[in-house]
file data.txt (compact mmCIF, C-alpha atoms)
# COMPACT_ATOMS: atom_id res chain seq x y z
CA MET A 187 29.73 -5.28 19.52
CA ILE A 188 27.37 -4.01 16.80
CA ALA A 189 26.82 -7.54 15.52
CA ARG A 190 25.98 -8.75 19.03
CA ARG A 191 23.47 -5.94 19.56
CA ALA A 192 21.84 -6.66 16.19
CA ALA A 193 21.59 -10.35 17.04
CA ALA A 194 20.11 -9.55 20.44
CA LEU A 195 17.53 -7.21 18.85
CA LEU A 196 16.57 -9.85 16.28
CA LEU A 197 16.18 -12.45 19.04
CA LEU A 198 13.99 -10.03 21.01
CA LEU A 199 11.74 -9.41 18.01
CA VAL A 200 11.29 -13.08 17.18
CA SER A 201 10.74 -14.22 20.77
CA ALA A 202 8.36 -11.43 21.80
CA PRO A 203 5.19 -12.80 23.38
CA VAL A 204 2.16 -13.34 21.17
CA ALA A 205 -0.13 -11.83 23.80
CA ALA A 206 1.50 -8.45 23.31
CA ALA A 207 0.56 -8.50 19.62
CA GLY A 208 -3.02 -9.15 20.57
CA ASP A 209 -2.98 -6.14 22.91
CA ALA A 210 -1.44 -3.77 20.35
CA CYS A 211 -3.58 -4.83 17.39
CA PRO A 212 -7.07 -3.26 17.35
CA GLN A 213 -10.09 -5.48 17.72
CA GLY A 214 -13.72 -5.17 16.75
CA GLY A 215 -13.82 -2.48 14.05
CA ASP A 216 -11.36 0.07 15.41
CA PRO A 217 -11.12 2.81 12.71
CA ALA A 218 -7.54 3.84 13.58
CA VAL A 219 -6.02 1.12 11.41
CA GLY A 220 -3.49 1.87 8.71
CA PRO A 221 -1.83 2.45 6.46
CA LEU A 222 -4.35 2.36 3.62
CA PRO A 223 -2.93 1.06 0.32
CA GLY A 224 -2.10 4.00 -1.92
CA GLY A 225 -0.03 5.03 -4.91
CA ILE A 226 -0.44 3.96 -8.51
CA GLY A 227 1.40 0.64 -8.32
CA PRO A 228 -0.26 -2.47 -9.75
CA ALA A 229 -2.37 -4.50 -7.29
CA ASP A 230 -0.96 -2.61 -4.27
CA PHE A 231 2.61 -3.62 -5.22
CA GLY A 232 4.92 -1.27 -3.32
CA ALA A 233 2.22 -0.12 -0.88
CA VAL A 234 3.28 -0.63 2.76
CA PRO A 235 0.62 -2.91 4.36
CA GLU A 236 -0.95 -2.88 7.81
CA VAL A 237 1.17 -4.48 10.53
CA CYS A 238 -1.72 -6.41 12.10
CA GLY A 239 -2.94 -9.48 10.30
CA THR A 240 -6.64 -10.25 9.97
CA THR A 241 -9.19 -12.00 7.79
CA GLU A 242 -11.08 -9.60 5.54
CA ALA A 243 -12.14 -8.77 2.00
CA ALA A 244 -11.81 -5.25 0.59
CA LEU A 245 -12.48 -3.26 -2.57
CA ARG A 246 -10.40 -0.24 -3.59
CA LEU A 247 -11.63 2.19 -6.25
CA ARG A 248 -8.74 4.38 -7.35
CA GLY A 249 -8.37 7.36 -9.65
CA ALA A 250 -5.22 9.21 -10.74
CA LEU A 251 -4.96 12.49 -12.64
CA LEU A 252 -1.98 13.98 -14.50
CA VAL A 253 -2.16 17.36 -16.23
CA ALA A 254 1.07 18.75 -17.73
CA SER A 255 -0.15 21.83 -19.59
CA SER A 256 3.08 23.79 -19.09
CA MET A 257 5.13 21.47 -21.27
CA PRO A 258 5.92 22.40 -24.90
CA ASP A 259 3.38 19.74 -25.87
CA TYR A 260 0.34 19.18 -23.70
CA TYR A 261 0.21 15.84 -21.89
CA GLY A 262 -2.49 14.49 -19.61
CA SER A 263 -3.87 11.20 -18.37
CA ILE A 264 -6.77 9.85 -16.36
CA VAL A 265 -6.53 6.40 -14.77
CA GLY A 266 -9.27 4.51 -12.96
CA ALA A 267 -8.91 1.08 -11.38
CA ALA A 268 -10.79 -1.34 -9.16
CA THR A 269 -8.70 -3.59 -6.92
CA LEU A 270 -9.96 -6.55 -4.92
CA ARG A 271 -7.93 -7.66 -1.92
CA GLY A 272 -8.35 -10.53 0.49
CA ARG A 273 -6.41 -11.30 3.65
CA TYR A 274 -6.52 -14.52 5.63
CA GLN A 275 -5.04 -14.89 9.10
CA LEU A 276 -3.22 -18.23 9.20
CA ALA A 277 -2.27 -17.91 12.87
CA GLU A 278 -2.05 -15.17 15.47
CA ARG A 279 1.21 -13.91 13.98
CA SER A 280 1.00 -14.75 10.27
CA SER A 281 -1.35 -13.96 7.40
CA LEU A 282 -1.65 -14.33 3.63
CA SER A 283 -2.88 -11.68 1.21
CA VAL A 284 -3.92 -11.66 -2.43
CA ALA A 285 -4.85 -8.62 -4.52
CA ALA A 286 -5.79 -8.10 -8.15
CA ASP A 287 -6.65 -5.14 -10.37
CA VAL A 288 -9.87 -6.61 -11.72
CA PHE A 289 -10.51 -3.58 -13.93
CA ALA A 290 -8.38 -0.66 -15.10
CA TYR A 291 -9.12 2.13 -17.56
CA ARG A 292 -6.55 4.59 -18.89
CA TYR A 293 -7.07 7.69 -21.04
CA VAL A 294 -3.97 9.48 -22.35
CA ASN A 295 -3.81 12.71 -24.38
CA ASN A 296 -0.37 13.52 -25.76
CA ALA A 297 -0.37 16.72 -27.83
CA ASN A 298 -3.99 16.07 -28.87
CA LEU A 299 -3.21 12.46 -29.80
CA ALA A 300 -5.60 10.54 -27.55
CA SER A 301 -5.62 6.86 -26.67
CA GLN A 302 -7.69 4.85 -24.25
CA GLY A 303 -8.26 1.29 -23.18
CA ALA A 304 -9.44 -1.09 -20.49
CA SER A 305 -7.58 -4.03 -18.99
CA ALA A 306 -7.47 -6.48 -16.10
CA GLY A 307 -4.54 -7.49 -13.92
CA PRO A 308 -1.95 -7.87 -12.63
CA ALA A 309 -2.17 -9.57 -9.23
CA THR A 310 -0.01 -9.95 -6.12
CA LEU A 311 0.45 -12.63 -3.49
CA GLY A 312 1.88 -11.78 -0.08
CA PHE A 313 2.86 -13.19 3.30
CA GLN A 314 3.15 -11.21 6.53
CA GLN A 315 4.68 -12.13 9.86
CA THR A 316 3.69 -9.98 12.83
CA ILE A 317 6.27 -9.41 15.58
CA ALA A 318 5.16 -8.03 18.95
CA LEU A 319 7.27 -5.45 20.78
CA GLY A 320 4.98 -4.52 23.63
CA ALA A 321 1.43 -3.84 24.71
CA ALA A 322 1.30 -0.59 22.69
CA THR A 323 3.72 -1.34 19.82
CA VAL A 324 3.65 -3.99 17.13
CA SER A 325 5.79 -4.56 14.04
CA ALA A 326 5.74 -6.91 11.08
CA VAL A 327 7.76 -8.06 8.09
CA HIS A 328 6.25 -8.93 4.74
CA ALA A 329 7.08 -10.40 1.34
CA ARG A 330 4.99 -9.88 -1.79
CA VAL A 331 5.24 -11.27 -5.33
CA LEU A 332 3.93 -9.51 -8.42
CA LEU A 333 2.25 -12.08 -10.65
CA PRO A 334 2.56 -11.56 -14.45
CA LEU A 335 -1.18 -11.57 -15.21
CA ASP A 336 -1.95 -8.42 -17.19
CA THR A 337 -4.16 -8.15 -20.28
CA ALA A 338 -2.81 -4.66 -21.05
CA ARG A 339 0.56 -6.06 -22.08
CA GLN A 340 0.74 -7.13 -25.72
CA SER A 341 4.34 -8.32 -25.46
CA GLY A 342 6.56 -9.21 -22.56
CA ILE A 343 5.69 -9.68 -18.91
CA GLU A 344 6.23 -7.83 -15.65
CA THR A 345 6.87 -9.60 -12.36
CA GLY A 346 8.78 -8.74 -9.23
CA LEU A 347 9.42 -9.18 -5.51
CA GLU A 348 8.84 -6.83 -2.59
CA LEU A 349 10.29 -7.10 0.92
CA GLY A 350 9.47 -4.76 3.77
CA ALA A 351 8.76 -4.07 7.42
CA GLY A 352 6.27 -1.91 9.29
CA ILE A 353 5.50 -0.68 12.77
CA ALA A 354 2.53 0.81 14.65
CA LEU A 355 2.72 2.69 17.95
CA HIS A 356 -0.33 3.44 20.09
CA ALA A 357 0.44 6.74 21.82
CA GLY A 358 -2.42 6.95 24.28
CA SER A 359 -6.05 6.09 23.68
CA ARG A 360 -6.61 8.28 20.60
CA LEU A 361 -3.33 8.55 18.64
CA VAL A 362 -1.71 5.85 16.51
CA VAL A 363 1.55 6.37 14.60
CA ASP A 364 2.38 3.85 11.89
CA GLY A 365 4.52 3.41 8.81
CA GLY A 366 7.16 1.22 7.25
CA VAL A 367 9.83 0.70 4.65
CA ALA A 368 9.95 -1.61 1.66
CA LEU A 369 12.14 -2.52 -1.28
CA ALA A 370 10.21 -3.27 -4.47
CA ALA A 371 12.07 -4.96 -7.31
CA PRO A 372 9.89 -4.99 -10.46
CA ILE A 373 11.24 -7.01 -13.38
CA ASP A 374 10.26 -6.40 -17.02
CA ILE A 375 11.00 -9.14 -19.53
CA VAL A 376 10.62 -7.91 -23.11
CA GLY A 377 12.08 -9.52 -26.22
CA GLY A 378 14.16 -11.91 -24.18
CA GLN A 379 15.80 -9.06 -22.26
CA THR A 380 15.37 -8.61 -18.50
CA HIS A 381 15.17 -5.14 -16.96
CA LEU A 382 15.38 -4.95 -13.15
CA ARG A 383 14.58 -1.86 -11.10
CA LEU A 384 15.07 -1.31 -7.36
CA ASP A 385 12.60 1.05 -5.68
CA PRO A 386 13.03 1.81 -1.94
CA ILE A 387 9.82 3.07 -0.31
CA ALA A 388 9.15 4.77 3.04
CA LEU A 389 5.84 5.73 4.65
CA ALA A 390 5.01 7.52 7.90
CA GLU A 391 1.63 8.72 9.15
CA ALA A 392 -0.44 9.38 12.27
CA TRP A 393 -4.07 8.52 12.99
CA LEU A 394 -6.33 10.42 15.39
CA ARG A 395 -9.35 8.53 16.67
CA LEU A 396 -12.07 11.18 16.90
CA ARG A 397 -14.85 8.79 17.86
CA PRO A 398 -15.05 5.02 18.33
CA TRP A 399 -16.26 4.81 14.71
CA VAL A 400 -14.14 7.42 12.88
CA ALA A 401 -10.43 8.29 12.63
CA LEU A 402 -8.44 10.79 10.55
CA GLY A 403 -4.94 10.19 9.25
CA ALA A 404 -2.14 12.31 7.77
CA GLY A 405 1.34 11.43 6.57
CA ALA A 406 3.63 11.13 3.55
CA ASN A 407 4.95 8.48 1.21
CA VAL A 408 8.41 8.68 -0.40
CA ARG A 409 9.60 6.50 -3.27
CA VAL A 410 13.10 6.45 -4.79
CA GLU A 411 14.59 4.63 -7.76
CA ALA A 412 17.92 3.20 -6.59
CA ALA A 413 18.85 1.19 -9.72
CA PRO A 414 19.64 1.18 -12.56
CA ASP A 415 19.65 4.97 -12.17
CA PHE A 416 19.27 6.86 -8.92
CA GLY A 417 16.52 9.44 -8.64
CA LEU A 418 13.58 10.64 -6.60
CA THR A 419 10.35 9.11 -7.92
CA THR A 420 7.74 10.79 -5.74
CA VAL A 421 7.04 12.57 -2.47
CA ALA A 422 3.31 12.32 -1.77
CA PRO A 423 1.64 13.79 1.33
CA ARG A 424 -1.57 11.91 2.15
CA LEU A 425 -4.81 12.55 4.01
CA SER A 426 -7.18 9.77 4.99
CA ALA A 427 -10.36 9.05 6.91
CA ARG A 428 -11.67 5.67 8.01
CA PHE A 429 -15.14 4.81 9.29
CA ALA A 430 -16.30 1.71 11.15
CA ILE A 431 -19.80 0.73 10.03
CA ARG A 432 -21.30 -1.47 12.68
CA ARG A 433 -18.81 -4.21 13.60
CA ARG A 434 -17.95 -6.07 10.42
CA PHE A 435 -17.93 -3.35 7.74
CA TRP A 436 -15.67 -0.36 7.21
CA MET A 437 -15.10 2.40 4.64
CA ALA A 438 -12.19 4.75 4.05
CA LEU A 439 -11.07 7.66 1.87
CA LEU A 440 -7.49 8.39 0.86
CA VAL A 441 -6.17 11.42 -1.05
CA GLU A 442 -2.52 11.73 -2.10
CA LEU A 443 -0.98 14.89 -3.57
CA PRO A 444 2.47 14.25 -5.08
CA VAL A 445 4.64 17.35 -4.75
CA ALA A 446 8.06 16.25 -6.04
CA GLY A 447 9.80 13.61 -8.11
CA SER A 448 9.93 12.29 -11.64
CA ASP A 449 6.39 10.88 -11.40
CA ARG A 450 4.27 13.81 -12.54
CA THR A 451 0.93 12.49 -11.24
CA ASP A 452 -0.97 15.42 -9.72
CA LEU A 453 -3.68 13.66 -7.70
CA ILE A 454 -4.45 10.16 -6.48
CA ALA A 455 -7.74 9.41 -4.75
CA GLY A 456 -9.07 6.14 -3.40
CA LEU A 457 -12.33 4.87 -1.95
CA HIS A 458 -12.05 1.73 0.16
CA ALA A 459 -14.75 -0.61 1.46
CA GLY A 460 -14.17 -3.75 3.49
CA PHE A 461 -15.78 -6.62 5.32
CA ALA A 462 -14.16 -8.47 8.21
CA PRO A 463 -16.02 -11.55 9.54
CA ASP A 464 -15.87 -12.23 13.27

call {"tool": "encode", "arguments": {"input": "data.txt", "output": "structure tokens"}}
result
Amino acid sequence: MIARRAAALLLLLVSAPVAAAGDACPQGGDPAVGPLPGGIGPADFGAVPEVCGTTEAALRLRGALLVASSMPDYYGSIVGAATLRGRYQLAERSSLSVAADVFAYRYVNNANLASQGASAGPATLGFQQTIALGAATVSAVHARVLLPLDTARQSGIETGLELGAGIALHAGSRLVVDGGVALAAPIDIVGGQTHLRLDPIALAEAWLRLRPWVALGAGANVRVEAAPDFGLTTVAPRLSARFAIRRRFWMALLVELPVAGSDRTDLIAGLHAGFAPD
């Protein structure tokens, strides 16, 4: 019985009419579009993407701060990165994405032993398939590959695969609830040895459209390490604001405040700017 219901649900998702996706996906610079890519993963790897495909180019300027002054030995770090991302809508239901950390700077102070350096890379390549559920609800599945292009690595490479799904629900004319789940599997290959990690990710947030050109969002992102060892990586509440500038341009701000987990990052902030041709 359970297998039949699962098969029926899968058939419903795949066969849902394309017109419904067009109704549920915002058009013409709607600011209530999310989620914004966040976290400290390379080239948005592990960041749940938007469920609606489109053609656009975007720049993300990101900063992360870690201050661990209560430890026996002081430890702190400052990370800044610039990420370029492009999405191309292949058809009404499918789209491709590519992202790359074109510049990254890291400063680390460990018990007054400081190090710093700049790098470029890595990059990701993704595919998304949108699945319509109704006039107010749309979902999507995605796959993303982490490409081993990173000048910061002196030895070994890091690659990986990410699979996930997301959903967005339009609850009236002003409120949008979105989120998703993903499984990121980064792979480190060093000295001929392969190290695989499995990181489940979950995100939920809500957007309130205050005006036709501005929307505010709030939610939380949770990341867990499932293998080789199980543990909570981070719980990060997030606040965001997105602004539509005329019809083709948009800007957004995202602030994340990790409150639990083995990742000790204290603050993550991002400034986003994008262009979407008609």

call {"tool": "closest_residue", "arguments": {"input": "data.txt", "among": "A:Pro398, A:Gly225, A:Gly312, A:Gly220", "to": "Ala422 in chain A", "atoms": "only C-alpha atoms"}}
result
A:Gly225

call {"tool": "residues_around", "arguments": {"input": "data.txt", "residues": "range 229-235 of chain A", "least_positions_apart": "2", "cutoff": "6 Å", "atoms": "all atoms listed in the file", "output": "list of chain:residue names"}}
result
A:Pro223, A:Gly227, A:Ala285, A:Ala286, A:Asp287, A:Ala309, A:Ala370

call {"tool": "residues_around", "arguments": {"input": "data.txt", "residues": "Ala326 in chain A", "least_positions_apart": "6", "cutoff": "12 Å", "atoms": "all atoms listed in the file", "output": "NGL selection string"}}
result
:A and (199-200 or 202 or 207 or 211 or 234-239 or 279-281 or 313-319 or 349-354 or 364-368)

call {"tool": "residues_around", "arguments": {"input": "data.txt", "residues": "range 404-407 of chain A", "least_positions_apart": "6", "cutoff": "8 Å", "atoms": "all atoms listed in the file", "output": "list in words"}}
result
Ile387, Ala388, Leu389, Ala390, Glu391, Ala392, Trp393, Thr420, Val421, Ala422, Pro423, Arg424, Leu425 and Ser426 of chain A

call {"tool": "write_last_selection", "arguments": {"input": "data.txt", "atoms": "C-alpha atoms", "output": "compact mmCIF listing (two decimals), in the coordinates of the input"}}
result
# COMPACT_ATOMS: atom_id res chain seq x y z
CA ILE A 387 9.82 3.07 -0.31
CA ALA A 388 9.15 4.77 3.04
CA LEU A 389 5.84 5.73 4.65
CA ALA A 390 5.01 7.52 7.90
CA GLU A 391 1.63 8.72 9.15
CA ALA A 392 -0.44 9.38 12.27
CA TRP A 393 -4.07 8.52 12.99
CA THR A 420 7.74 10.79 -5.74
CA VAL A 421 7.04 12.57 -2.47
CA ALA A 422 3.31 12.32 -1.77
CA PRO A 423 1.64 13.79 1.33
CA ARG A 424 -1.57 11.91 2.15
CA LEU A 425 -4.81 12.55 4.01
CA SER A 426 -7.18 9.77 4.99

call {"tool": "atom_distance", "arguments": {"input": "data.txt", "atom1": "CA of Glu344 in chain A", "atom2": "CA of Asp374 in chain A"}}
result
4.5 Å

call {"tool": "atom_distance", "arguments": {"input": "data.txt", "atom1": "CA of Arg433 in chain A", "atom2": "CA of Ala462 in chain A"}}
result
8.3 Å

call {"tool": "residues_around", "arguments": {"input": "data.txt", "residues": "Leu396 in chain A", "least_positions_apart": "2", "cutoff": "12 Å", "atoms": "all atoms listed in the file", "output": "PyMOL selection string"}}
result
chain A and resi 216-218+359-362+393-394+398-403+427-430

call {"tool": "residues_around", "arguments": {"input": "data.txt", "residues": "Asp336 in chain A", "least_positions_apart": "6", "cutoff": "7 Å", "atoms": "all atoms listed in the file", "output": "ChimeraX atom specification"}}
result
/A:306-308

call {"tool": "closest_residue", "arguments": {"input": "data.txt", "among": "A:Arg330, A:Arg409, A:Arg434, A:His458", "to": "Thr241 in chain A", "atoms": "all atoms listed in the file"}}
result
A:Arg434

call {"tool": "atom_distance", "arguments": {"input": "data.txt", "atom1": "CA of Ser341 in chain A", "atom2": "CA of Val410 in chain A"}}
result
26.9 Å

call {"tool": "residues_near_point", "arguments": {"input": "data.txt", "point": "(-14.9, -1.5, -12.6)", "cutoff": "12 Å", "atoms": "all atoms listed in the file", "output": "PyMOL selection string"}}
result
chain A and resi 245-249+265-270+287-291+304-306

call {"tool": "closest_residue", "arguments": {"input": "data.txt", "among": "A:Gly320, A:Val408, A:Thr345, A:Ile431", "to": "Ala446 in chain A", "atoms": "all atoms listed in the file"}}
result
A:Val408

call {"tool": "closest_residue", "arguments": {"input": "data.txt", "among": "A:Ala459, A:Trp436, A:Thr323, A:His328", "to": "Val363 in chain A", "atoms": "all atoms listed in the file"}}
result
A:Thr323

call {"tool": "closest_residue", "arguments": {"input": "data.txt", "among": "A:Val445, A:Ala300, A:Phe461, A:Arg450", "to": "Ser255 in chain A", "atoms": "all atoms listed in the file"}}
result
A:Arg450

call {"tool": "closest_residue", "arguments": {"input": "data.txt", "among": "A:Val324, A:Leu222, A:Gly303, A:Ala250", "to": "Ala338 in chain A", "atoms": "all atoms listed in the file"}}
result
A:Gly303

call {"tool": "axis_aligned_box", "arguments": {"input": "data.txt", "around": "range 234-241 of chain A", "padding_each_side": "3 Å", "output": "AutoDock Vina command-line options"}}
result
--center_x -3.0 --center_y -6.3 --center_z 7.4 --size_x 18.5 --size_y 17.4 --size_z 15.3

call {"tool": "residues_near_point", "arguments": {"input": "data.txt", "point": "(-6.4, 10.8, -18.6)", "cutoff": "6 Å", "atoms": "all atoms listed in the file", "output": "compact mmCIF listing (two decimals) with C-alpha atoms, in the coordinates of the input"}}
result
# COMPACT_ATOMS: atom_id res chain seq x y z
CA GLY A 262 -2.49 14.49 -19.61
CA SER A 263 -3.87 11.20 -18.37
CA ILE A 264 -6.77 9.85 -16.36
CA VAL A 265 -6.53 6.40 -14.77
CA TYR A 293 -7.07 7.69 -21.04
CA VAL A 294 -3.97 9.48 -22.35
